[in-house]
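Okay, work-v1.cif now, which holds mmCIF, C-alpha atoms:
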data_coords
loop_
_atom_site.label_atom_id
_atom_site.label_comp_id
_atom_site.auth_asym_id
_atom_site.auth_seq_id
_atom_site.Cartn_x
_atom_site.Cartn_y
_atom_site.Cartn_z
CA MET E 1431 0.00 0.00 0.00
CA LYS E 1432 1.40 3.39 -0.97
CA ARG E 1433 2.08 5.75 1.92
CA PRO E 1434 0.28 9.10 1.71
CA LYS E 1435 2.55 12.00 0.84
CA SER E 1436 3.32 14.15 3.89
CA LYS E 1437 2.12 17.75 3.97
CA GLN E 1438 4.87 20.35 3.55
CA LEU E 1439 5.06 23.29 5.93
CA SER E 1440 7.36 26.32 5.99
CA LEU E 1441 8.34 27.96 9.29
CA ASP E 1442 10.06 30.90 7.60
CA THR E 1443 6.90 33.04 7.36
CA MET E 1444 5.65 32.30 10.90
CA ASP E 1445 5.79 34.78 13.74
CA GLY E 1446 6.42 33.67 17.33
CA TYR E 1447 2.76 32.99 18.18
CA GLN E 1448 2.10 31.12 14.91
CA PHE E 1449 5.10 28.92 15.73
CA GLN E 1450 3.59 28.36 19.17
CA GLU E 1451 0.28 27.32 17.57
CA PHE E 1452 2.12 24.96 15.22
CA VAL E 1453 3.93 23.28 18.13
CA ALA E 1454 0.69 22.91 20.09
CA ASN E 1455 -1.08 21.28 17.13
CA LEU E 1456 1.89 18.99 16.56
CA PHE E 1457 1.79 17.75 20.16
CA LYS E 1458 -1.94 17.07 19.75
CA GLN E 1459 -1.18 14.92 16.68
CA LEU E 1460 1.47 13.09 18.66
CA GLY E 1461 -1.05 12.00 21.28
CA PHE E 1462 -0.85 14.66 24.01
CA SER E 1463 -4.13 15.73 25.58
CA ASN E 1464 -5.59 18.89 27.15
CA VAL E 1465 -3.17 20.98 25.08
CA LYS E 1466 -3.69 24.67 25.93
CA LEU E 1467 -2.03 27.77 24.46
CA GLY E 1468 -0.99 30.79 26.48
CA PRO E 1469 -2.41 34.17 25.42
CA ARG E 1470 -0.87 36.03 22.47
CA GLY E 1471 1.43 38.86 23.49
CA ALA E 1472 1.17 38.09 27.22
CA ASP E 1473 3.62 35.23 27.51
CA MET E 1474 4.31 35.30 31.29
CA GLY E 1475 6.53 32.24 30.73
CA ILE E 1476 3.63 29.97 29.75
CA ASP E 1477 3.38 29.10 26.05
CA ILE E 1478 1.75 25.66 26.17
CA THR E 1479 0.49 23.33 28.89
CA MET E 1480 -0.47 19.74 28.11
CA GLU E 1481 -0.86 16.26 29.54
CA GLN E 1482 0.06 12.70 28.63
CA LYS E 1483 -0.72 9.38 30.28
CA SER E 1484 2.19 7.06 30.93
CA SER E 1485 2.16 3.33 30.21
CA VAL E 1486 1.11 2.67 33.83
CA GLY E 1487 -1.77 5.15 33.69
CA ILE E 1488 -0.15 8.07 35.50
CA THR E 1489 -0.95 11.49 34.02
CA ASN E 1490 2.12 13.69 33.50
CA ARG E 1491 1.67 17.45 33.12
CA TYR E 1492 4.03 19.48 30.93
CA LEU E 1493 4.96 23.12 30.52
CA VAL E 1494 6.29 23.97 27.04
CA GLU E 1495 8.35 27.04 26.15
CA CYS E 1496 8.52 27.89 22.41
CA LYS E 1497 11.40 29.87 20.89
CA HIS E 1498 11.14 30.70 17.20
CA HIS E 1499 14.75 31.86 16.69
CA PRO E 1500 15.97 29.91 13.65
CA GLU E 1501 19.30 31.71 13.30
CA SER E 1502 20.46 31.87 16.92
CA ALA E 1503 21.31 29.53 19.77
CA ILE E 1504 19.06 29.25 22.82
CA GLY E 1505 21.25 29.67 25.90
CA ARG E 1506 21.27 28.40 29.46
CA PRO E 1507 19.19 31.29 30.96
CA VAL E 1508 16.10 30.10 29.05
CA VAL E 1509 16.53 26.61 30.50
CA GLN E 1510 17.02 28.02 34.01
CA LYS E 1511 13.85 30.11 33.71
CA LEU E 1512 11.71 27.16 32.63
CA HIS E 1513 13.23 24.88 35.29
CA SER E 1514 12.35 27.44 37.98
CA ALA E 1515 8.76 27.60 36.69
CA VAL E 1516 8.44 23.79 36.80
CA VAL E 1517 9.88 23.28 40.30
CA SER E 1518 7.82 26.15 41.73
CA THR E 1519 4.54 24.74 40.35
CA PRO E 1520 3.48 21.50 42.12
CA ALA E 1521 0.97 20.64 39.40
CA LEU E 1522 3.74 20.35 36.78
CA ASP E 1523 5.93 17.30 36.21
CA LYS E 1524 8.22 18.28 33.36
CA GLY E 1525 9.38 21.16 31.16
CA ILE E 1526 10.07 21.16 27.41
CA ILE E 1527 11.72 23.85 25.30
CA VAL E 1528 11.07 23.78 21.55
CA THR E 1529 13.08 25.93 19.15
CA SER E 1530 13.25 26.26 15.38
CA GLY E 1531 17.00 26.83 15.79
CA HIS E 1532 19.50 25.14 18.10
CA PHE E 1533 20.76 25.14 21.69
CA SER E 1534 24.14 26.18 23.02
CA ASN E 1535 26.36 23.51 24.56
CA GLU E 1536 25.89 25.13 27.99
CA ALA E 1537 22.11 24.94 27.62
CA VAL E 1538 22.29 21.26 26.66
CA ARG E 1539 24.51 20.36 29.61
CA TYR E 1540 22.35 22.26 32.11
CA ALA E 1541 19.11 20.81 30.69
CA GLU E 1542 20.47 17.29 31.17
CA GLU E 1543 21.41 18.11 34.77
CA VAL E 1544 17.96 19.41 35.73
CA GLY E 1545 15.78 17.19 33.54
CA ILE E 1546 14.45 19.72 31.01
CA GLU E 1547 13.76 18.21 27.59
CA LEU E 1548 15.15 20.13 24.60
CA ILE E 1549 13.74 19.91 21.07
CA ASP E 1550 15.88 21.70 18.48
CA GLY E 1551 15.14 22.30 14.81
CA GLU E 1552 16.38 18.88 13.69
CA LYS E 1553 14.41 16.98 16.33
CA LEU E 1554 11.36 19.11 15.51
CA LYS E 1555 11.65 17.91 11.89
CA GLN E 1556 11.63 14.30 13.08
CA LEU E 1557 8.57 14.84 15.28
CA ALA E 1558 6.81 16.61 12.42
CA ARG E 1559 7.42 13.63 10.13
CA LYS E 1560 5.75 11.40 12.72
CA GLY E 1561 2.78 13.76 12.55
CA GLY E 1562 2.66 13.57 8.74
CA LEU E 1563 4.38 16.92 8.10
CA THR E 1564 7.59 17.87 6.30
CA ILE E 1565 9.16 21.09 7.54
CA ILE E 1566 10.81 23.25 4.89
CA THR E 1567 13.05 26.06 6.07
CA GLY E 1568 16.47 27.41 5.23
CA ALA E 1569 17.04 28.29 8.86
CA LEU E 1570 16.87 24.67 10.00
CA SER E 1571 19.74 23.83 7.70
CA LEU E 1572 22.14 25.77 9.91
CA VAL E 1573 24.63 23.45 11.55
CA GLU E 1574 26.37 24.57 14.71
CA ASN E 1575 29.88 23.35 15.55
CA CYS E 1576 31.10 21.66 12.40
CA PHE E 1577 34.60 21.00 11.12
CA PRO E 1578 35.37 23.01 7.96
CA VAL E 1579 33.30 21.93 4.94
CA SER E 1580 34.49 22.39 1.36
CA SER E 1581 32.19 23.17 -1.54
CA LYS E 1582 31.02 20.37 -3.81
CA THR E 1583 33.22 21.69 -6.63
CA LYS E 1584 36.28 21.76 -4.37
CA ILE E 1585 35.64 18.18 -3.21
CA GLU E 1586 35.48 16.96 -6.80
CA GLU E 1587 38.78 18.75 -7.53
CA LYS E 1588 40.35 17.09 -4.47
CA LEU E 1589 39.10 13.67 -5.62
CA LEU E 1590 40.62 14.08 -9.07
CA GLY E 1591 43.88 15.13 -7.43
CA PHE E 1592 43.81 11.98 -5.31
CA LEU E 1593 43.23 9.78 -8.37
CA ARG E 1594 46.11 11.43 -10.24
CA ASP E 1595 48.45 10.64 -7.35
CA ASP E 1596 47.09 7.14 -6.69
CA LEU E 1597 46.71 5.72 -10.21
CA LYS E 1598 49.45 5.38 -12.80
CA GLY E 1599 47.92 6.04 -16.20
CA PHE E 1600 45.02 8.13 -14.87
CA ASP E 1601 43.75 11.02 -16.98
CA GLU E 1602 40.87 13.30 -15.93
CA ASN E 1603 39.23 12.73 -19.32
CA LEU E 1604 38.75 9.07 -18.36
CA ALA E 1605 36.66 9.91 -15.28
CA LYS E 1606 33.08 11.10 -14.92
CA ILE E 1607 31.65 12.04 -11.51
CA SER E 1608 27.97 11.11 -11.25
CA ASP E 1609 27.06 11.78 -7.60
CA THR E 1610 28.55 13.82 -4.76
CA SER E 1611 26.81 13.90 -1.37
CA LEU E 1612 27.71 15.06 2.11
CA VAL E 1613 27.12 13.22 5.40
CA LEU E 1614 27.53 15.15 8.66
CA ILE E 1615 28.48 12.67 11.38
CA SER E 1616 27.50 13.67 14.91
CA ALA E 1617 30.34 13.37 17.41
CA TYR E 1618 31.38 14.38 20.90
CA ILE E 1619 34.89 15.68 21.56
CA VAL E 1620 35.74 14.82 25.16
CA ASP E 1621 38.70 16.62 26.74
CA TYR E 1622 40.08 14.56 29.60
CA SER E 1623 43.01 14.11 31.94
CA ILE E 1624 44.24 11.02 33.79
CA ASN E 1625 46.44 11.17 36.87
CA ALA E 1626 47.08 7.80 38.50
CA THR E 1627 49.92 6.28 40.52
CA PHE E 1628 50.33 2.56 41.15
CA SER E 1629 52.41 1.38 44.11
CA THR E 1630 53.38 -1.88 45.80
CA SER E 1631 55.61 -2.67 48.75
CA ALA E 1632 58.49 -2.18 46.30
CA GLY E 1633 57.44 1.44 45.68
CA ILE E 1634 55.89 3.21 42.66
CA ILE E 1635 55.81 0.83 39.69
CA HIS E 1636 53.74 2.85 37.19
CA SER E 1637 52.18 6.29 36.78
CA ILE E 1638 49.91 8.03 34.29
CA ASN E 1639 49.86 11.80 33.83
CA GLU E 1640 48.20 12.68 30.54
CA SER E 1641 45.73 15.13 29.05
CA SER E 1642 44.17 14.61 25.64
CA SER E 1643 40.90 14.39 23.69
CA ILE E 1644 38.78 11.53 22.42
CA PHE E 1645 36.05 11.51 19.74
CA LEU E 1646 32.84 9.55 20.35
CA ALA E 1647 30.01 8.89 17.88
CA GLY E 1648 27.00 11.03 18.75
CA ASP E 1649 24.50 8.31 17.87
CA SER E 1650 26.14 5.32 19.58
CA GLY E 1651 28.69 6.74 22.02
CA ARG E 1652 31.38 4.43 20.64
CA PRO E 1653 34.91 5.75 19.99
CA ILE E 1654 35.50 6.95 16.43
CA ASP E 1655 38.34 5.31 14.54
CA PRO E 1656 41.70 7.13 14.99
CA ILE E 1657 42.15 7.03 11.20
CA ILE E 1658 39.46 9.72 11.13
CA THR E 1659 40.17 11.64 14.32
CA SER E 1660 43.93 11.96 13.83
CA GLN E 1661 43.26 13.97 10.66
CA LEU E 1662 40.81 16.27 12.46
CA LEU E 1663 42.82 17.27 15.54
CA PRO E 1664 44.85 20.01 13.74
CA PHE E 1665 41.57 21.73 12.74
CA THR E 1666 39.69 21.83 16.07
CA SER E 1667 40.28 25.60 16.25
CA SER E 1668 38.45 25.97 12.91
CA ILE E 1669 35.15 24.47 14.12
CA SER E 1670 32.32 26.87 13.32
CA GLU E 1671 28.75 27.11 12.09
CA ILE E 1672 27.90 26.20 8.51
CA SER E 1673 24.77 26.75 6.50
CA GLN E 1674 23.28 24.61 3.78
CA GLN E 1675 23.01 27.81 1.75
CA GLY E 1676 26.73 27.52 1.12
CA LEU E 1677 26.21 24.01 -0.23
CA LYS E 1678 23.49 24.57 -2.81
CA ASP E 1679 22.60 21.60 -5.04
CA THR E 1680 24.34 19.26 -2.59
CA GLN E 1681 22.54 16.31 -1.04
CA ILE E 1682 23.17 16.49 2.71
CA LYS E 1683 22.41 13.86 5.33
CA ARG E 1684 22.88 14.54 9.02
CA ILE E 1685 23.42 11.78 11.61
CA ASP E 1686 21.59 12.99 14.71
CA PHE E 1687 22.78 12.98 18.31
CA LEU E 1688 21.00 10.09 20.02
CA LYS E 1689 23.24 9.94 23.09
CA THR E 1690 23.21 12.71 25.70
CA HIS E 1691 26.21 14.06 27.63
CA LYS E 1692 25.24 12.00 30.67
CA GLU E 1693 24.81 8.83 28.64
CA ILE E 1694 28.38 8.97 27.37
CA GLU E 1695 30.19 9.99 30.57
CA GLU E 1696 30.41 6.57 32.23
CA PRO E 1697 31.14 4.59 29.01
CA THR E 1698 33.88 7.13 28.20
CA LYS E 1699 35.55 6.59 31.56
CA ASP E 1700 35.26 2.80 31.10
CA PHE E 1701 36.88 3.04 27.67
CA LEU E 1702 39.69 5.31 28.86
CA ALA E 1703 40.36 2.99 31.78
CA ARG E 1704 40.72 0.09 29.34
CA ILE E 1705 43.07 1.84 26.91
CA TYR E 1706 45.32 3.10 29.71
CA THR E 1707 45.48 -0.29 31.46
CA ARG E 1708 49.03 -1.63 31.48
CA LYS E 1709 50.62 -4.90 32.57
CA VAL E 1710 53.74 -3.88 34.49
CA SER E 1711 56.69 -6.06 35.54
CA TYR E 1712 58.75 -5.15 38.59
CA TYR E 1713 61.13 -6.70 41.12
CA GLY E 1714 60.24 -7.04 44.78
CA ALA E 1715 62.53 -6.64 47.78
CA ASN E 1716 63.48 -10.31 47.50
CA ASN E 1717 64.62 -9.71 43.88
CA VAL E 1718 61.73 -11.82 42.58
CA LYS E 1719 60.03 -10.60 39.40
CA TYR E 1720 56.31 -9.84 39.69
CA THR E 1721 53.65 -8.57 37.29
CA LYS E 1722 50.68 -6.36 38.08
CA VAL E 1723 47.84 -5.14 35.89
CA CYS E 1724 47.50 -1.39 36.50
CA VAL E 1725 43.92 -0.25 35.85
CA PRO E 1726 43.06 3.44 36.39
CA ASN E 1727 40.12 4.07 38.71
CA LYS E 1728 37.27 6.21 37.45
CA ARG E 1729 38.16 8.80 40.10
CA ASP E 1730 41.55 9.13 38.38
CA ILE E 1731 39.82 10.22 35.15
CA ILE E 1732 38.49 13.76 34.84
CA LEU E 1733 36.31 14.77 31.89
CA HIS E 1734 36.92 18.49 31.54
CA ASP E 1735 34.65 19.28 28.59
CA ILE E 1736 32.23 17.50 26.27
CA LYS E 1737 31.57 19.33 23.00
CA LYS E 1738 29.09 18.51 20.26
CA VAL E 1739 30.55 18.65 16.76
CA TYR E 1740 29.79 17.45 13.24
CA ILE E 1741 32.38 15.65 11.09
CA PRO E 1742 32.01 16.07 7.29
CA LEU E 1743 32.29 12.93 5.17
CA TRP E 1744 31.76 13.03 1.41
CA ARG E 1745 30.55 10.12 -0.73
CA VAL E 1746 31.51 10.44 -4.38
CA VAL E 1747 30.45 8.04 -7.13
CA PHE E 1748 32.45 8.22 -10.37
CA SER E 1749 33.14 6.16 -13.49
CA ILE E 1750 36.45 5.34 -15.14
CA ILE E 1751 35.63 4.01 -18.64
CA LYS E 1752 33.33 1.00 -18.00
CA ASN E 1753 33.82 0.68 -14.22
CA LYS E 1754 31.88 2.62 -11.58
CA TYR E 1755 33.46 3.32 -8.19
CA ALA E 1756 32.49 4.92 -4.89
CA VAL E 1757 34.75 6.53 -2.30
CA VAL E 1758 34.02 8.02 1.11
CA GLY E 1759 36.41 10.74 2.15
CA LEU E 1760 37.00 12.86 5.23
CA ASP E 1761 36.93 16.55 4.31
CA THR E 1762 39.78 18.65 5.69
CA PRO E 1763 41.05 22.01 4.39
CA SER E 1764 44.21 20.40 3.01
CA GLN E 1765 42.77 17.37 1.22
CA LEU E 1766 40.09 14.71 0.91
CA HIS E 1767 41.27 11.75 2.98
CA ILE E 1768 39.86 8.61 1.35
CA LEU E 1769 38.76 6.18 4.05
CA PRO E 1770 39.90 2.54 3.91
CA ARG E 1771 37.37 -0.05 2.80
CA HIS E 1772 36.80 -1.50 6.29
CA LEU E 1773 35.32 1.84 7.42
CA VAL E 1774 32.98 2.16 4.43
CA SER E 1775 29.69 0.38 3.81
CA VAL E 1776 29.09 -1.28 0.44
CA PRO E 1777 26.98 0.93 -1.85
CA ALA E 1778 23.44 -0.21 -2.44
CA GLU E 1779 23.76 0.13 -6.24
CA SER E 1780 24.78 -3.20 -7.75
CA ASP E 1781 26.92 -1.62 -10.47
CA VAL E 1782 29.03 0.43 -8.03
CA LYS E 1783 32.22 -0.97 -6.51
CA LEU E 1784 34.10 0.42 -3.55
CA TYR E 1785 37.39 1.94 -4.65
CA PRO E 1786 39.67 -1.12 -4.41
CA ASP E 1787 42.81 -1.86 -2.42
CA GLU E 1788 43.23 -5.16 -4.30
CA CYS E 1789 44.06 -5.77 -7.93
CA MET E 1790 40.88 -6.35 -9.94
CA ILE E 1791 42.67 -9.01 -12.03
CA CYS E 1792 44.64 -11.16 -9.56
CA PHE E 1793 42.72 -9.97 -6.43
CA LYS E 1794 45.93 -9.58 -4.42
CA LYS E 1795 46.47 -6.51 -2.21
CA ILE E 1796 48.30 -3.82 -4.14
CA GLN E 1797 51.57 -3.20 -2.32
CA GLN E 1798 53.10 -0.63 -4.68
CA GLN E 1799 51.75 1.68 -7.41
CA LYS E 1800 48.19 1.16 -8.64
CA PHE E 1801 47.55 1.10 -12.38
CA VAL E 1802 44.34 1.97 -14.22
CA CYS E 1803 43.48 0.39 -17.56
CA ASN E 1804 42.76 3.01 -20.23
CA ASP E 1805 40.58 0.54 -22.13
CA CYS E 1806 38.18 -0.66 -19.40
CA GLY E 1807 38.90 1.37 -16.22
CA ARG E 1808 39.95 -1.59 -14.07
CA ILE E 1809 42.42 -0.86 -11.25
CA THR E 1810 45.31 -3.31 -11.13
CA CYS E 1811 48.69 -4.04 -9.58
CA ASN E 1812 51.94 -3.43 -11.48
CA LYS E 1813 52.05 -7.10 -12.60
CA ASP E 1814 48.66 -6.80 -14.32
CA GLY E 1815 49.12 -3.32 -15.79
CA PHE E 1816 51.21 -2.78 -18.96
CA LEU E 1817 52.52 0.18 -20.92
CA CYS E 1818 51.58 0.30 -24.60
CA LYS E 1819 54.77 0.28 -26.67
CA MET E 1820 53.37 2.76 -29.18
CA CYS E 1821 51.17 5.34 -27.36
CA GLY E 1822 52.26 4.87 -23.73
CA LYS E 1823 48.74 4.15 -22.40
CA ILE E 1824 48.26 1.71 -19.49
CA VAL E 1825 46.20 -1.39 -20.27
CA CYS E 1826 45.34 -4.34 -18.06
CA ARG E 1827 46.23 -7.98 -18.69
CA GLU E 1828 42.82 -8.68 -20.23
CA HIS E 1829 43.21 -5.91 -22.83
CA VAL E 1830 46.91 -6.01 -23.66
CA ILE E 1831 47.82 -7.24 -27.15
CA LEU E 1832 51.14 -9.08 -27.53
CA LYS E 1833 53.06 -8.78 -30.80
CA LYS E 1834 56.06 -11.04 -31.31
CA LYS E 1835 59.45 -9.53 -32.09
CA PHE E 1836 62.41 -11.55 -33.36
CA LEU E 1837 60.37 -14.78 -32.85
CA VAL E 1838 61.16 -14.84 -29.10
CA LEU E 1839 60.42 -11.45 -27.51
CA SER E 1840 56.91 -9.96 -27.37
CA GLU E 1841 55.99 -6.28 -27.29
CA LYS E 1842 52.84 -5.05 -25.56
CA TYR E 1843 50.24 -2.78 -27.19
CA CYS E 1844 46.77 -1.45 -26.48
CA SER E 1845 44.05 -2.67 -28.82
CA HIS E 1846 43.97 0.61 -30.79
CA CYS E 1847 47.71 0.62 -31.51
CA ALA E 1848 47.77 -3.12 -32.19
CA SER E 1849 45.14 -2.66 -34.92
CA LYS E 1850 47.48 -0.23 -36.70
CA LEU E 1851 50.16 -2.92 -36.86
CA THR E 1852 47.90 -5.52 -38.40
#
Starting from the file, lay out its structure as structure tokens.
Amino acid sequence: MKRPKSKQLSLDTMDGYQFQEFVANLFKQLGFSNVKLGPRGADMGIDITMEQKSSVGITNRYLVECKHHPESAIGRPVVQKLHSAVVSTPALDKGIIVTSGHFSNEAVRYAEEVGIELIDGEKLKQLARKGGLTIITGALSLVENCFPVSSKTKIEEKLLGFLRDDLKGFDENLAKISDTSLVLISAYIVDYSINATFSTSAGIIHSINESSSIFLAGDSGRPIDPIITSQLLPFTSSISEISQQGLKDTQIKRIDFLKTHKEIEEPTKDFLARIYTRKVSYYGANNVKYTKVCVPNKRDIILHDIKKVYIPLWRVVFSIIKNKYAVVGLDTPSQLHILPRHLVSVPAESDVKLYPDECMICFKKIQQQKFVCNDCGRITCNKDGFLCKMCGKIVCREHVILKKKFLVLSEKYCSHCASKLT
């Protein structure tokens, strides 16, 4: 059965009270009851009140604050004000702040501490889809705290530069880029320090005194591969806000934050304790060798700051002659870092191959220079790629033509040049 097409709605032309009405109607569609709007122009801190029954039949009462500020961040004072209103009103159980824009990091951290729910522009889009609506607005495309993002044109230039360096025999005229899309990966940057000392009767046998940062995936809380994060560390001072307006005609997908600050704190300490665990050998007073596993305690680990950030990854699909490839690259100001195959999912399209690390003829890992066949576009190792004697093009083993010379030696030609010798 075909799903009905969702209704499209623009927030750009709404004033503050119209946005408030939209939010109230959306909560009604999502199953909340007794939804009441505060009076227009006389806010008094009450925009919407509503109720919802829990799974065990308890009625929870909510106070909702609406902020239609698509181009600015909602700060901590707004959260403090709503929290004060909730705790000072016995009839209320919870507070929610809804904005068409985004929240500052300080607001997010404080909201998690006091139990205020935050709904930013992206989460509002998701809730609207559940209610059968698609929100259209340029303001919601603003992304706060993102590593530098290149233009689509610049990314395609960087890809061609990579192929020139990586493939012997590559010429830009052989390649055709068919799709370039951007994925913004949600991540937390956690600044931490560890100070731990491990002692036995023999004295101090091991110590840790280190400060650094770790990147965690915003949707799962798992550590992000160092292949990615090591390239990003030099550019942490360049993190800023980007707008989709600077990326016109570019397909953009954003991976949302599903884990909160609190949800990643304990797993982060567990992970850091594991990676700093060491097995230490030492000699006791009796000159006997002992070993001890030194595991930092959680109290030895201090998380100084947890910052939300987006990491830009580009997926580019391109053809070389008859073969179609896909790469996923990390965007940095200096270059497009092509990710290894084990970090990239296989494209859904059956005719697209992941850019290979193995020869497409012998299927062995390419240890030295990669070659590209100018007849079919296959990528090969140096043993399966040959230089045409006449024109200098690279051709693979399946397309090379051998012409005997002096009855014993054979010279190698591409099919075009070989036809001239016939």
Report as a short mmCIF file (atom, residue, chain, number, x, y, z; two decimals) with C-alpha atoms, keeping the file's coordinate frame the full result of the PyMOL selection byres ((chain E and resi 1755) around 12) when it is applied to this structure.
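As written to disk, part-v4.cif reads:
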data_model
loop_
_atom_site.label_atom_id
_atom_site.label_comp_id
_atom_site.auth_asym_id
_atom_site.auth_seq_id
_atom_site.Cartn_x
_atom_site.Cartn_y
_atom_site.Cartn_z
CA LEU E 1593 43.23 9.78 -8.37
CA ALA E 1605 36.66 9.91 -15.28
CA LYS E 1606 33.08 11.10 -14.92
CA ILE E 1607 31.65 12.04 -11.51
CA SER E 1608 27.97 11.11 -11.25
CA ASP E 1609 27.06 11.78 -7.60
CA ARG E 1745 30.55 10.12 -0.73
CA VAL E 1746 31.51 10.44 -4.38
CA VAL E 1747 30.45 8.04 -7.13
CA PHE E 1748 32.45 8.22 -10.37
CA SER E 1749 33.14 6.16 -13.49
CA ILE E 1750 36.45 5.34 -15.14
CA ILE E 1751 35.63 4.01 -18.64
CA LYS E 1752 33.33 1.00 -18.00
CA ASN E 1753 33.82 0.68 -14.22
CA LYS E 1754 31.88 2.62 -11.58
CA ALA E 1756 32.49 4.92 -4.89
CA VAL E 1757 34.75 6.53 -2.30
CA VAL E 1758 34.02 8.02 1.11
CA VAL E 1776 29.09 -1.28 0.44
CA PRO E 1777 26.98 0.93 -1.85
CA GLU E 1779 23.76 0.13 -6.24
CA SER E 1780 24.78 -3.20 -7.75
CA ASP E 1781 26.92 -1.62 -10.47
CA VAL E 1782 29.03 0.43 -8.03
CA LYS E 1783 32.22 -0.97 -6.51
CA LEU E 1784 34.10 0.42 -3.55
CA TYR E 1785 37.39 1.94 -4.65
CA PRO E 1786 39.67 -1.12 -4.41
CA GLY E 1807 38.90 1.37 -16.22
CA ARG E 1808 39.95 -1.59 -14.07
CA ILE E 1809 42.42 -0.86 -11.25
#
*Counting only C-alpha atoms, note down every residue that has an atom within 7 Å of the point (6.3, 19.5, 35.1) (file coordinates), as a PyMOL selection string.*
chain E and resi 1491-1493+1516+1521-1525
*Could you state which residues are captured by the PyMOL selection byres ((chain E and resi 1575) around 7) in this file, as a ChimeraX atom specification?*
/E:1573-1574,1576-1577,1669-1671,1738-1740
*Interatomic distance (Å, one decimal) between atom CA of Phe1462 of chain E and atom CA of Ile1478 of chain E*: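 A separation of 11.5 Å between them.
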*For Gln1482 of chain E, which of E:Ile1824, E:Leu1817, E:Val1465, E:Ala1626 is the closest residue, counting all atoms listed in the file?*
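Under the stated criterion, the closest residue is E:Val1465.
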Starting from the structure just given, write a file holding segment 1724-1736 of chain E with N, CA and C atoms, as a CSV table (one decimal), in the first residue's frame.
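As written to disk, selection_32.csv reads:
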chain,number,residue,atom,x,y,z
E,1724,CYS,N,47.8,-2.7,36.0
E,1724,CYS,CA,47.5,-1.4,36.5
E,1724,CYS,C,46.3,-0.8,35.8
E,1725,VAL,N,45.2,-0.8,36.4
E,1725,VAL,CA,43.9,-0.3,35.8
E,1725,VAL,C,43.5,1.1,36.5
E,1726,PRO,N,43.5,2.2,35.8
E,1726,PRO,CA,43.1,3.4,36.4
E,1726,PRO,C,41.7,3.4,37.0
E,1727,ASN,N,41.5,3.9,38.1
E,1727,ASN,CA,40.1,4.1,38.7
E,1727,ASN,C,39.4,5.2,38.0
E,1728,LYS,N,38.1,5.1,38.1
E,1728,LYS,CA,37.3,6.2,37.5
E,1728,LYS,C,37.5,7.6,38.1
E,1729,ARG,N,37.9,7.5,39.4
E,1729,ARG,CA,38.2,8.8,40.1
E,1729,ARG,C,39.5,9.4,39.6
E,1730,ASP,N,40.3,8.6,38.9
E,1730,ASP,CA,41.6,9.1,38.4
E,1730,ASP,C,41.3,9.8,37.0
E,1731,ILE,N,40.1,9.7,36.5
E,1731,ILE,CA,39.8,10.2,35.2
E,1731,ILE,C,38.9,11.4,35.3
E,1732,ILE,N,39.3,12.5,34.8
E,1732,ILE,CA,38.5,13.8,34.8
E,1732,ILE,C,38.1,14.2,33.4
E,1733,LEU,N,36.8,14.3,33.2
E,1733,LEU,CA,36.3,14.8,31.9
E,1733,LEU,C,36.1,16.3,32.0
E,1734,HIS,N,37.0,17.0,31.4
E,1734,HIS,CA,36.9,18.5,31.5
E,1734,HIS,C,35.8,19.2,30.7
E,1735,ASP,N,35.6,18.6,29.5
E,1735,ASP,CA,34.7,19.3,28.6
E,1735,ASP,C,34.1,18.2,27.6
E,1736,ILE,N,32.9,18.4,27.3
E,1736,ILE,CA,32.2,17.5,26.3
E,1736,ILE,C,31.6,18.4,25.3
